[in-house]
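Participant: Compact mmCIF, C-alpha atoms and all ligand atoms, saved as model10.txt, coming up:
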```txt
# COMPACT_ATOMS: atom_id res chain seq x y z
CA VAL M 1 -14.91 12.89 -281.04
CA VAL M 2 -11.45 12.94 -282.58
CA ALA M 3 -8.08 12.95 -280.82
CA VAL M 4 -4.89 13.89 -282.62
CA GLY M 5 -2.25 11.20 -282.30
CA GLU M 6 1.33 10.99 -283.65
CA ASP M 7 0.06 9.73 -287.00
CA GLY M 8 -2.69 12.32 -287.33
CA PRO M 9 -6.33 12.21 -286.22
CA VAL M 10 -7.40 9.02 -284.45
CA SER M 11 -11.09 8.19 -284.09
CA PHE M 12 -12.55 7.68 -280.63
CA ALA M 13 -12.20 4.05 -279.54
CA SER M 14 -10.98 2.92 -282.96
CA GLY M 15 -9.25 -0.15 -281.48
CA VAL M 16 -12.38 -1.35 -279.70
CA SER M 17 -13.71 -4.75 -280.81
CA VAL M 18 -16.15 -5.62 -278.01
CA VAL M 19 -18.96 -3.30 -276.89
CA GLY M 20 -20.72 -3.90 -273.59
CA VAL M 21 -24.27 -2.60 -273.48
CA ASP M 22 -26.26 -1.94 -270.32
CA GLY M 23 -29.91 -3.07 -270.27
CA ASP M 24 -31.97 -1.09 -267.74
CA ASP M 25 -32.59 2.48 -268.89
CA THR M 26 -30.13 2.09 -271.74
CA LEU M 27 -32.08 -0.39 -273.89
CA TRP M 28 -35.38 -0.61 -272.02
CA ARG M 29 -37.32 1.43 -269.48
CA CYS M 30 -36.76 0.39 -265.86
CA GLU M 31 -36.33 3.07 -263.20
CA ASP M 32 -39.69 4.64 -264.06
CA HIS M 33 -41.32 1.38 -262.90
CA PHE M 34 -39.55 1.65 -259.55
CA VAL M 35 -40.70 5.26 -259.20
CA ASP M 36 -44.27 4.13 -259.90
CA ALA M 37 -43.86 1.28 -257.40
CA PHE M 38 -42.68 3.73 -254.75
CA HIS M 39 -45.87 5.77 -255.22
CA THR M 40 -47.99 2.61 -254.97
CA LEU M 41 -46.14 1.63 -251.80
CA ALA M 42 -46.62 5.15 -250.41
CA GLY M 43 -50.37 4.69 -250.98
CA LEU M 44 -50.38 1.29 -249.25
CA LEU M 45 -48.48 2.63 -246.25
CA SER M 46 -50.05 6.12 -246.08
CA GLU M 47 -51.68 5.32 -242.71
CA VAL M 48 -48.29 4.93 -241.04
CA ALA M 49 -45.87 7.16 -242.97
CA ASP M 50 -45.88 10.14 -245.31
CA PRO M 51 -43.81 9.78 -248.52
CA ASP M 52 -40.77 11.57 -247.06
CA ARG M 53 -40.60 9.31 -244.03
CA LEU M 54 -41.25 6.28 -246.21
CA GLU M 55 -38.36 7.24 -248.48
CA ALA M 56 -36.00 7.63 -245.51
CA VAL M 57 -36.99 4.28 -244.00
CA LEU M 58 -36.81 2.57 -247.39
CA ARG M 59 -33.33 4.02 -248.02
CA ARG M 60 -32.11 2.69 -244.65
CA HIS M 61 -33.52 -0.78 -245.36
CA GLU M 62 -31.88 -0.74 -248.81
CA ASP M 63 -28.53 0.09 -247.22
CA ASP M 64 -28.86 -3.01 -245.07
CA ASN M 65 -30.34 -5.26 -247.75
CA LEU M 66 -28.46 -4.50 -250.98
CA PRO M 67 -25.34 -6.46 -249.99
CA ILE M 68 -27.54 -9.45 -249.06
CA PHE M 69 -30.44 -9.37 -251.53
CA GLY M 70 -28.72 -7.61 -254.43
CA TYR M 71 -30.60 -5.51 -256.99
CA GLY M 72 -33.88 -5.86 -258.78
CA VAL M 73 -37.57 -6.35 -258.18
CA LYS M 74 -37.36 -9.32 -255.80
CA ALA M 75 -34.95 -7.41 -253.56
CA PHE M 76 -37.23 -4.36 -253.70
CA THR M 77 -40.25 -6.49 -252.74
CA LEU M 78 -38.50 -8.01 -249.72
CA THR M 79 -37.26 -4.59 -248.68
CA ALA M 80 -40.75 -3.11 -249.00
CA LEU M 81 -42.12 -5.91 -246.78
CA GLY M 82 -39.43 -5.15 -244.19
CA VAL M 83 -40.34 -1.47 -244.30
CA ALA M 84 -44.04 -2.30 -243.80
CA HIS M 85 -43.14 -4.49 -240.82
CA GLU M 86 -41.12 -1.70 -239.25
CA LEU M 87 -43.79 0.96 -239.80
CA TYR M 88 -46.77 -1.13 -238.67
CA GLY M 89 -45.06 -3.37 -236.12
CA ASP M 90 -47.18 -6.38 -235.11
CA ALA M 91 -50.29 -4.54 -236.35
CA LEU M 92 -49.26 -5.03 -240.00
CA PRO M 93 -52.45 -5.97 -241.86
CA ALA M 94 -52.24 -9.14 -243.95
CA LYS M 95 -53.86 -7.18 -246.75
CA VAL M 96 -50.88 -4.78 -246.90
CA SER M 97 -48.40 -7.69 -247.09
CA ARG M 98 -50.47 -9.28 -249.81
CA GLU M 99 -50.58 -6.07 -251.83
CA ILE M 100 -46.83 -5.56 -251.56
CA LEU M 101 -46.27 -9.10 -252.87
CA ALA M 102 -48.77 -8.40 -255.66
CA LEU M 103 -46.90 -5.19 -256.50
CA GLY M 104 -43.65 -7.15 -256.88
CA ARG M 105 -45.35 -9.76 -259.04
CA SER M 106 -46.87 -7.13 -261.28
CA MET M 107 -43.46 -5.46 -261.73
CA LEU M 108 -42.00 -8.81 -262.79
CA ALA M 109 -44.74 -9.13 -265.40
CA THR M 110 -44.49 -5.57 -266.76
CA PRO M 111 -44.11 -5.63 -270.55
CA VAL M 112 -40.67 -4.66 -271.81
CA GLU M 113 -40.63 -1.22 -273.37
CA LEU M 114 -37.60 -0.50 -275.54
CA LEU M 115 -36.28 3.05 -275.47
CA PRO M 116 -36.63 5.01 -278.73
CA GLY M 117 -34.09 3.89 -281.33
CA ALA M 118 -32.61 1.15 -279.13
CA ALA M 119 -33.43 -1.70 -281.52
CA ASP M 120 -31.89 0.05 -284.55
CA ALA M 121 -28.83 1.16 -282.58
CA VAL M 122 -28.13 -2.37 -281.32
CA ALA M 123 -28.63 -3.86 -284.79
CA ALA M 124 -26.24 -1.31 -286.29
CA LEU M 125 -23.60 -1.82 -283.60
CA ALA M 126 -23.77 -5.59 -284.07
CA THR M 127 -22.58 -5.21 -287.67
CA SER M 128 -19.29 -3.63 -286.58
CA HIS M 129 -18.60 -4.95 -283.06
CA ARG M 130 -19.10 -8.01 -280.86
CA LEU M 131 -21.86 -7.02 -278.44
CA VAL M 132 -22.15 -8.17 -274.84
CA LEU M 133 -25.12 -7.35 -272.62
CA VAL M 134 -23.81 -6.42 -269.17
CA THR M 135 -26.52 -6.00 -266.58
CA LYS M 136 -27.24 -6.61 -262.92
CA GLY M 137 -30.30 -7.53 -260.92
CA ASP M 138 -32.54 -10.59 -260.88
CA LEU M 139 -31.27 -13.32 -263.16
CA VAL M 140 -34.77 -14.46 -264.13
CA ASP M 141 -36.12 -10.95 -264.68
CA GLN M 142 -33.15 -9.74 -266.73
CA ARG M 143 -33.32 -12.83 -268.95
CA ARG M 144 -37.06 -12.27 -269.36
CA LYS M 145 -36.48 -8.67 -270.43
CA LEU M 146 -33.70 -9.59 -272.84
CA PHE M 147 -35.74 -12.26 -274.62
CA ALA M 148 -38.90 -10.13 -274.67
CA SER M 149 -36.88 -7.24 -276.12
CA GLY M 150 -36.21 -9.16 -279.35
CA LEU M 151 -32.56 -8.04 -279.15
CA ALA M 152 -31.00 -11.25 -277.79
CA ARG M 153 -29.77 -12.41 -281.21
CA HIS M 154 -27.47 -9.39 -281.51
CA PHE M 155 -25.44 -10.31 -278.43
CA VAL M 156 -22.56 -12.80 -278.53
CA HIS M 157 -22.63 -13.04 -274.75
CA VAL M 158 -24.90 -12.06 -271.85
CA GLU M 159 -23.42 -11.26 -268.46
CA ILE M 160 -25.75 -10.76 -265.49
CA VAL M 161 -23.67 -9.82 -262.47
CA ALA M 162 -24.35 -9.07 -258.80
CA GLU M 163 -22.47 -5.77 -258.94
CA LYS M 164 -21.03 -3.91 -261.94
CA ASP M 165 -17.69 -3.04 -260.40
CA GLU M 166 -14.10 -3.12 -261.59
CA THR M 167 -13.68 -6.74 -260.50
CA ALA M 168 -16.75 -7.88 -262.43
CA TYR M 169 -15.62 -6.11 -265.62
CA ALA M 170 -12.05 -7.46 -265.28
CA GLU M 171 -13.45 -10.98 -264.88
CA LEU M 172 -15.70 -10.52 -267.94
CA LEU M 173 -12.78 -9.38 -270.11
CA ARG M 174 -10.63 -12.24 -268.87
CA MET M 175 -13.38 -14.71 -269.74
CA LEU M 176 -13.91 -13.17 -273.20
CA ASP M 177 -10.12 -12.98 -273.68
CA VAL M 178 -10.39 -9.32 -274.64
CA ASP M 179 -7.76 -6.70 -273.89
CA ARG M 180 -8.92 -3.80 -271.72
CA SER M 181 -8.10 -1.33 -274.49
CA GLU M 182 -10.43 -3.22 -276.86
CA PHE M 183 -13.52 -2.97 -274.65
CA LEU M 184 -16.07 -0.17 -274.50
CA MET M 185 -19.14 0.05 -272.27
CA VAL M 186 -22.31 1.98 -273.10
CA GLY M 187 -24.78 2.81 -270.36
CA ASN M 188 -26.80 5.33 -268.37
CA SER M 189 -25.24 4.79 -264.95
CA GLU M 190 -22.04 6.64 -264.05
CA VAL M 191 -21.50 4.32 -261.08
CA SER M 192 -22.09 0.99 -262.88
CA ASP M 193 -21.29 1.62 -266.53
CA ILE M 194 -18.68 4.37 -266.62
CA VAL M 195 -16.46 4.82 -263.54
CA PRO M 196 -15.31 1.18 -263.09
CA VAL M 197 -14.77 0.76 -266.85
CA LEU M 198 -12.57 3.85 -267.14
CA ALA M 199 -10.66 2.78 -264.01
CA LEU M 200 -9.92 -0.52 -265.69
CA GLY M 201 -8.40 1.19 -268.75
CA SER M 202 -11.32 0.55 -271.08
CA TRP M 203 -13.58 2.97 -272.94
CA ALA M 204 -17.02 4.27 -272.02
CA VAL M 205 -19.97 6.05 -273.56
CA HIS M 206 -22.43 7.70 -271.20
CA VAL M 207 -25.99 8.00 -272.43
CA PRO M 208 -27.94 9.47 -269.51
CA TYR M 209 -31.55 8.61 -268.76
CA PRO M 210 -33.78 11.30 -267.20
CA THR M 211 -34.71 9.09 -264.25
CA THR M 212 -31.68 7.53 -262.64
CA TRP M 213 -31.63 5.97 -259.17
CA ILE M 214 -29.68 8.07 -256.68
CA ARG M 215 -27.32 5.13 -256.05
CA GLU M 216 -26.35 5.04 -259.73
CA ARG M 217 -25.37 8.69 -260.04
CA VAL M 218 -22.09 10.52 -259.61
CA GLU M 219 -22.51 14.23 -258.95
CA HIS M 220 -19.71 15.42 -261.22
CA LEU M 221 -18.38 12.88 -263.67
CA ALA M 222 -14.94 14.16 -264.72
CA ASP M 223 -13.96 14.38 -268.38
CA HIS M 224 -11.73 11.59 -269.61
CA ASP M 225 -9.92 10.78 -272.88
CA ARG M 226 -11.67 7.42 -273.02
CA LEU M 227 -15.16 8.78 -272.22
CA ALA M 228 -17.73 10.13 -274.65
CA ARG M 229 -21.00 11.70 -273.56
CA LEU M 230 -23.93 11.34 -275.92
CA THR M 231 -27.56 12.25 -275.57
CA ALA M 232 -29.06 9.18 -277.25
CA LEU M 233 -28.14 5.56 -277.91
CA THR M 234 -28.86 6.20 -281.60
CA GLU M 235 -25.66 8.30 -281.79
CA VAL M 236 -23.39 5.44 -280.67
CA PRO M 237 -23.05 3.55 -284.00
CA ASP M 238 -21.87 6.71 -285.80
CA LEU M 239 -19.42 7.54 -283.03
CA LEU M 240 -17.86 4.07 -283.19
CA ARG M 241 -17.73 4.02 -286.97
CA GLY M 242 -15.49 7.07 -286.67
MG MG P 301 -28.84 1.11 -266.53
```
What would the structure in this file look like if it were written as structure tokens?
Facilitator:
Amino acid sequence: VVAVGEDGPVSFASGVSVVGVDGDDTLWRCEDHFVDAFHTLAGLLSEVADPDRLEAVLRRHEDDNLPIFGYGVKAFTLTALGVAHELYGDALPAKVSREILALGRSMLATPVELLPGAADAVAALATSHRLVLVTKGDLVDQRRKLFASGLARHFVHVEIVAEKDETAYAELLRMLDVDRSEFLMVGNSEVSDIVPVLALGSWAVHVPYPTTWIRERVEHLADHDRLARLTALTEVPDLLRG
């Protein structure tokens, strides 16, 4: 991606010194586990709701709970318990509660599976830029995934936030003492990794993942001078080397 400036061609993001990297579904598989968990939950609650009704009830509970519980597996587990309580009422079998808790525990113990090429891409990027992991969700679970990934040594800083919005990114850059024009974010979520970063005046690279939570998607992400769209994380080091 090359823009033509006053002094001739200028490489995309050539002034960028710090690269933020998303974790879930950018470096390692995540949303697929939630899709699997939904199917398990649908099996546990099949007596009282079909999958469509379950999805609607779950969505409504998430709307209420996200601002209070935040993101991640623990929040999902509590929400699933709330859904089971609503669907069964006082007849909720202890066995169903137990299995929902067991489902949450098993998700928190799921081995970390890096996406193809993620390790090489991060290692290559770390030779040219200061890397910061920027992720949201459970503090304990995200730290577990980072250390299990074997990639922790490539990051100069790890930021686990409640919400990846403009305020959170502005605070991160202030803390790192980095100018907005020198920061670039790479991630799969338009809502968390791209839109707030562009709004701030920084750069962004969108690397979509086939399974992305409905809350993380923007229907039509507009083109932008400071946005590049790639198909794989492995293309990012070449893009940023110009
Ligand atoms: Mg992500």
Participant: How would you report the residues lying within 12 Å of ligand MG 301 (chain P), as a PyMOL selection string, if you count all atoms listed in the file?
Facilitator: chain M and resi 20-32+71-72+115+133-137+142+164+185-194+206-213+215-217
Participant: Go ahead and dump the residues you just picked, C-alpha atoms, as an mmCIF file, in the frame of the given file.
Facilitator:
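Listed below is the output, again37.cif:
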```
data_model
loop_
_atom_site.group_PDB
_atom_site.id
_atom_site.type_symbol
_atom_site.label_atom_id
_atom_site.label_comp_id
_atom_site.auth_asym_id
_atom_site.auth_seq_id
_atom_site.Cartn_x
_atom_site.Cartn_y
_atom_site.Cartn_z
ATOM 1 C CA GLY M 20 -20.720 -3.900 -273.590
ATOM 2 C CA VAL M 21 -24.270 -2.600 -273.480
ATOM 3 C CA ASP M 22 -26.260 -1.940 -270.320
ATOM 4 C CA GLY M 23 -29.910 -3.070 -270.270
ATOM 5 C CA ASP M 24 -31.970 -1.090 -267.740
ATOM 6 C CA ASP M 25 -32.590 2.480 -268.890
ATOM 7 C CA THR M 26 -30.130 2.090 -271.740
ATOM 8 C CA LEU M 27 -32.080 -0.390 -273.890
ATOM 9 C CA TRP M 28 -35.380 -0.610 -272.020
ATOM 10 C CA ARG M 29 -37.320 1.430 -269.480
ATOM 11 C CA CYS M 30 -36.760 0.390 -265.860
ATOM 12 C CA GLU M 31 -36.330 3.070 -263.200
ATOM 13 C CA ASP M 32 -39.690 4.640 -264.060
ATOM 14 C CA TYR M 71 -30.600 -5.510 -256.990
ATOM 15 C CA GLY M 72 -33.880 -5.860 -258.780
ATOM 16 C CA LEU M 115 -36.280 3.050 -275.470
ATOM 17 C CA LEU M 133 -25.120 -7.350 -272.620
ATOM 18 C CA VAL M 134 -23.810 -6.420 -269.170
ATOM 19 C CA THR M 135 -26.520 -6.000 -266.580
ATOM 20 C CA LYS M 136 -27.240 -6.610 -262.920
ATOM 21 C CA GLY M 137 -30.300 -7.530 -260.920
ATOM 22 C CA GLN M 142 -33.150 -9.740 -266.730
ATOM 23 C CA LYS M 164 -21.030 -3.910 -261.940
ATOM 24 C CA MET M 185 -19.140 0.050 -272.270
ATOM 25 C CA VAL M 186 -22.310 1.980 -273.100
ATOM 26 C CA GLY M 187 -24.780 2.810 -270.360
ATOM 27 C CA ASN M 188 -26.800 5.330 -268.370
ATOM 28 C CA SER M 189 -25.240 4.790 -264.950
ATOM 29 C CA GLU M 190 -22.040 6.640 -264.050
ATOM 30 C CA VAL M 191 -21.500 4.320 -261.080
ATOM 31 C CA SER M 192 -22.090 0.990 -262.880
ATOM 32 C CA ASP M 193 -21.290 1.620 -266.530
ATOM 33 C CA ILE M 194 -18.680 4.370 -266.620
ATOM 34 C CA HIS M 206 -22.430 7.700 -271.200
ATOM 35 C CA VAL M 207 -25.990 8.000 -272.430
ATOM 36 C CA PRO M 208 -27.940 9.470 -269.510
ATOM 37 C CA TYR M 209 -31.550 8.610 -268.760
ATOM 38 C CA PRO M 210 -33.780 11.300 -267.200
ATOM 39 C CA THR M 211 -34.710 9.090 -264.250
ATOM 40 C CA THR M 212 -31.680 7.530 -262.640
ATOM 41 C CA TRP M 213 -31.630 5.970 -259.170
ATOM 42 C CA ARG M 215 -27.320 5.130 -256.050
ATOM 43 C CA GLU M 216 -26.350 5.040 -259.730
ATOM 44 C CA ARG M 217 -25.370 8.690 -260.040
#
```
Participant: Rounded to one decimal, what separation in Å do you get between CA of Leu44 (chain M) and CA of Arg144 (chain M)?
Facilitator: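 These two atoms are separated by 27.7 Å.
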Participant: What's the separation between CA of His85 (chain M) and CA of Glu55 (chain M), in Å to one decimal place?
Facilitator: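 CA of His85 (chain M) sits 14.8 Å away from CA of Glu55 (chain M).
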Participant: Report the distance between CA of Leu139 (chain M) and CA of Lys74 (chain M) in Å, rounded to one decimal place.
Facilitator: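 These atoms are spaced 10.4 Å apart.
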Participant: Please identify all polymer residues lying at most 8 Å from the point (-44.4, 12.3, -251.0) (file coordinates), using only C-alpha atoms, and present the result as a PDB file with C-alpha atoms, in the frame of the given file.
Facilitator:
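Written file, part35.pdb:
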```
ATOM      1  CA  HIS M  39     -45.870   5.770-255.220  1.00  0.00           C
ATOM      2  CA  ALA M  42     -46.620   5.150-250.410  1.00  0.00           C
ATOM      3  CA  ASP M  50     -45.880  10.140-245.310  1.00  0.00           C
ATOM      4  CA  PRO M  51     -43.810   9.780-248.520  1.00  0.00           C
ATOM      5  CA  ASP M  52     -40.770  11.570-247.060  1.00  0.00           C
TER       6      ASP M  52
END
```
Participant: Using all atoms listed in the file, which protein or nucleic acid residues come within 12 Å of Leu125 (chain M)? Drop anything in the same chain fewer than 5 positions from it, and give the result as a PDB file with C-alpha atoms, in the frame of the given file.
Facilitator:
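Below is the file out_11.pdb, written as the result:
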```pdb
ATOM      1  CA  VAL M  16     -12.380  -1.350-279.700  1.00  0.00           C
ATOM      2  CA  SER M  17     -13.710  -4.750-280.810  1.00  0.00           C
ATOM      3  CA  VAL M  18     -16.150  -5.620-278.010  1.00  0.00           C
ATOM      4  CA  VAL M  19     -18.960  -3.300-276.890  1.00  0.00           C
ATOM      5  CA  GLY M  20     -20.720  -3.900-273.590  1.00  0.00           C
ATOM      6  CA  VAL M  21     -24.270  -2.600-273.480  1.00  0.00           C
ATOM      7  CA  ALA M 118     -32.610   1.150-279.130  1.00  0.00           C
ATOM      8  CA  ALA M 119     -33.430  -1.700-281.520  1.00  0.00           C
ATOM      9  CA  ASP M 120     -31.890   0.050-284.550  1.00  0.00           C
ATOM     10  CA  ARG M 130     -19.100  -8.010-280.860  1.00  0.00           C
ATOM     11  CA  LEU M 131     -21.860  -7.020-278.440  1.00  0.00           C
ATOM     12  CA  VAL M 132     -22.150  -8.170-274.840  1.00  0.00           C
ATOM     13  CA  LEU M 151     -32.560  -8.040-279.150  1.00  0.00           C
ATOM     14  CA  HIS M 154     -27.470  -9.390-281.510  1.00  0.00           C
ATOM     15  CA  PHE M 155     -25.440 -10.310-278.430  1.00  0.00           C
ATOM     16  CA  LEU M 184     -16.070  -0.170-274.500  1.00  0.00           C
ATOM     17  CA  VAL M 186     -22.310   1.980-273.100  1.00  0.00           C
ATOM     18  CA  LEU M 233     -28.140   5.560-277.910  1.00  0.00           C
ATOM     19  CA  THR M 234     -28.860   6.200-281.600  1.00  0.00           C
ATOM     20  CA  GLU M 235     -25.660   8.300-281.790  1.00  0.00           C
ATOM     21  CA  VAL M 236     -23.390   5.440-280.670  1.00  0.00           C
ATOM     22  CA  PRO M 237     -23.050   3.550-284.000  1.00  0.00           C
ATOM     23  CA  ASP M 238     -21.870   6.710-285.800  1.00  0.00           C
ATOM     24  CA  LEU M 239     -19.420   7.540-283.030  1.00  0.00           C
ATOM     25  CA  LEU M 240     -17.860   4.070-283.190  1.00  0.00           C
ATOM     26  CA  ARG M 241     -17.730   4.020-286.970  1.00  0.00           C
TER      27      ARG M 241
END
```
Participant: What residues have an atom no more than 10 Å from (-12.1, 5.4, -276.7) in the file's own frame, counting all atoms listed in the file, and can you write them as a list in words?
Facilitator: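 Taken together, the residues in range are Val1, Val2, Ala3, Val10, Ser11, Phe12, Ala13, Ser14, Gly15, Val16, Ser181, Glu182, Phe183, Leu184, Met185, Leu198, Gly201, Ser202, Trp203, Ala204, Val205, His224, Asp225, Arg226, Leu227, Ala228, Leu239 and Leu240 of chain M.
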Participant: Find the residue from M:Val48, M:Pro111, M:Pro67, M:Arg59 that sits nearest to Leu87 (chain M); use only C-alpha atoms when measuring.
Facilitator: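 So, comparing all the options, the nearest one is M:Val48.
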Participant: Find the residues near Gly43 (chain M): any atom within 12 Å, counting only C-alpha atoms, skip ones fewer than 5 places away on the same chain, and give them as a ChimeraX atom specification.
Facilitator: /M:36-38,48-51,54,84,96,99-100,103
Participant: With only C-alpha atoms as the atoms that count, which of M:Val195, M:Leu45, M:Leu58, M:Ala148 lies nearest to His220 (chain M)?
Facilitator: M:Val195
Participant: Given the choices M:Arg174, M:Arg98, M:His33, M:Arg229, which gets closest to Thr110 (chain M) if the distance is worked out from all atoms listed in the file?
Facilitator: M:His33
Participant: Check the smallest atom-to-atom distance from each of M:Ala91, M:Ala232, M:Ile214, M:Ala170 to Glu47 (chain M) using all atoms listed in the file, then report the winner.
Facilitator: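 Once distances to Glu47 (chain M) are computed over all atoms listed in the file, the minimum belongs to M:Ala91.
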Participant: Find the residues around Ala75 (chain M) up to 9 Å (only C-alpha atoms counted), leave out those fewer than 3 positions away in its own chain, and share them as a list in words.
Facilitator: Glu62, Asn65, Leu66, Ile68, Phe69, Gly70, Tyr71, Gly72, Leu78, Thr79, Ala80, Gly137 and Asp138 of chain M
Participant: Please write the residues from the selection above to a file, keeping C-alpha atoms, as a short mmCIF file (atom, residue, chain, number, x, y, z; two decimals), keeping the file's coordinate frame.
Facilitator:
```
data_model
loop_
_atom_site.label_atom_id
_atom_site.label_comp_id
_atom_site.auth_asym_id
_atom_site.auth_seq_id
_atom_site.Cartn_x
_atom_site.Cartn_y
_atom_site.Cartn_z
CA GLU M 62 -31.88 -0.74 -248.81
CA ASN M 65 -30.34 -5.26 -247.75
CA LEU M 66 -28.46 -4.50 -250.98
CA ILE M 68 -27.54 -9.45 -249.06
CA PHE M 69 -30.44 -9.37 -251.53
CA GLY M 70 -28.72 -7.61 -254.43
CA TYR M 71 -30.60 -5.51 -256.99
CA GLY M 72 -33.88 -5.86 -258.78
CA LEU M 78 -38.50 -8.01 -249.72
CA THR M 79 -37.26 -4.59 -248.68
CA ALA M 80 -40.75 -3.11 -249.00
CA GLY M 137 -30.30 -7.53 -260.92
CA ASP M 138 -32.54 -10.59 -260.88
#
```
Participant: Taking all atoms listed in the file into account, name the residue in M:Ala123, M:Ala162, M:Leu146, M:Met107 that is nearest to Val35 (chain M).
Facilitator: M:Met107
Participant: Which one of M:Val83, M:Ala94, M:Ala121, M:Phe76 sits closest to Val57 (chain M) if you count all atoms listed in the file?
Facilitator: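 Between M:Val83, M:Ala94, M:Ala121, M:Phe76, the residue approaching Val57 (chain M) most closely is M:Val83.
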Participant: Quick one: axis-aligned box around all listed atoms of region 115-120 of chain M, 5 Å on every side, centre and edge lengths in Å to one decimal, written as lines of an AutoDock Vina configuration file.
Facilitator:
```
center_x = -34.3
center_y = 1.7
center_z = -280.0
size_x = 14.7
size_y = 16.7
size_z = 19.1
```
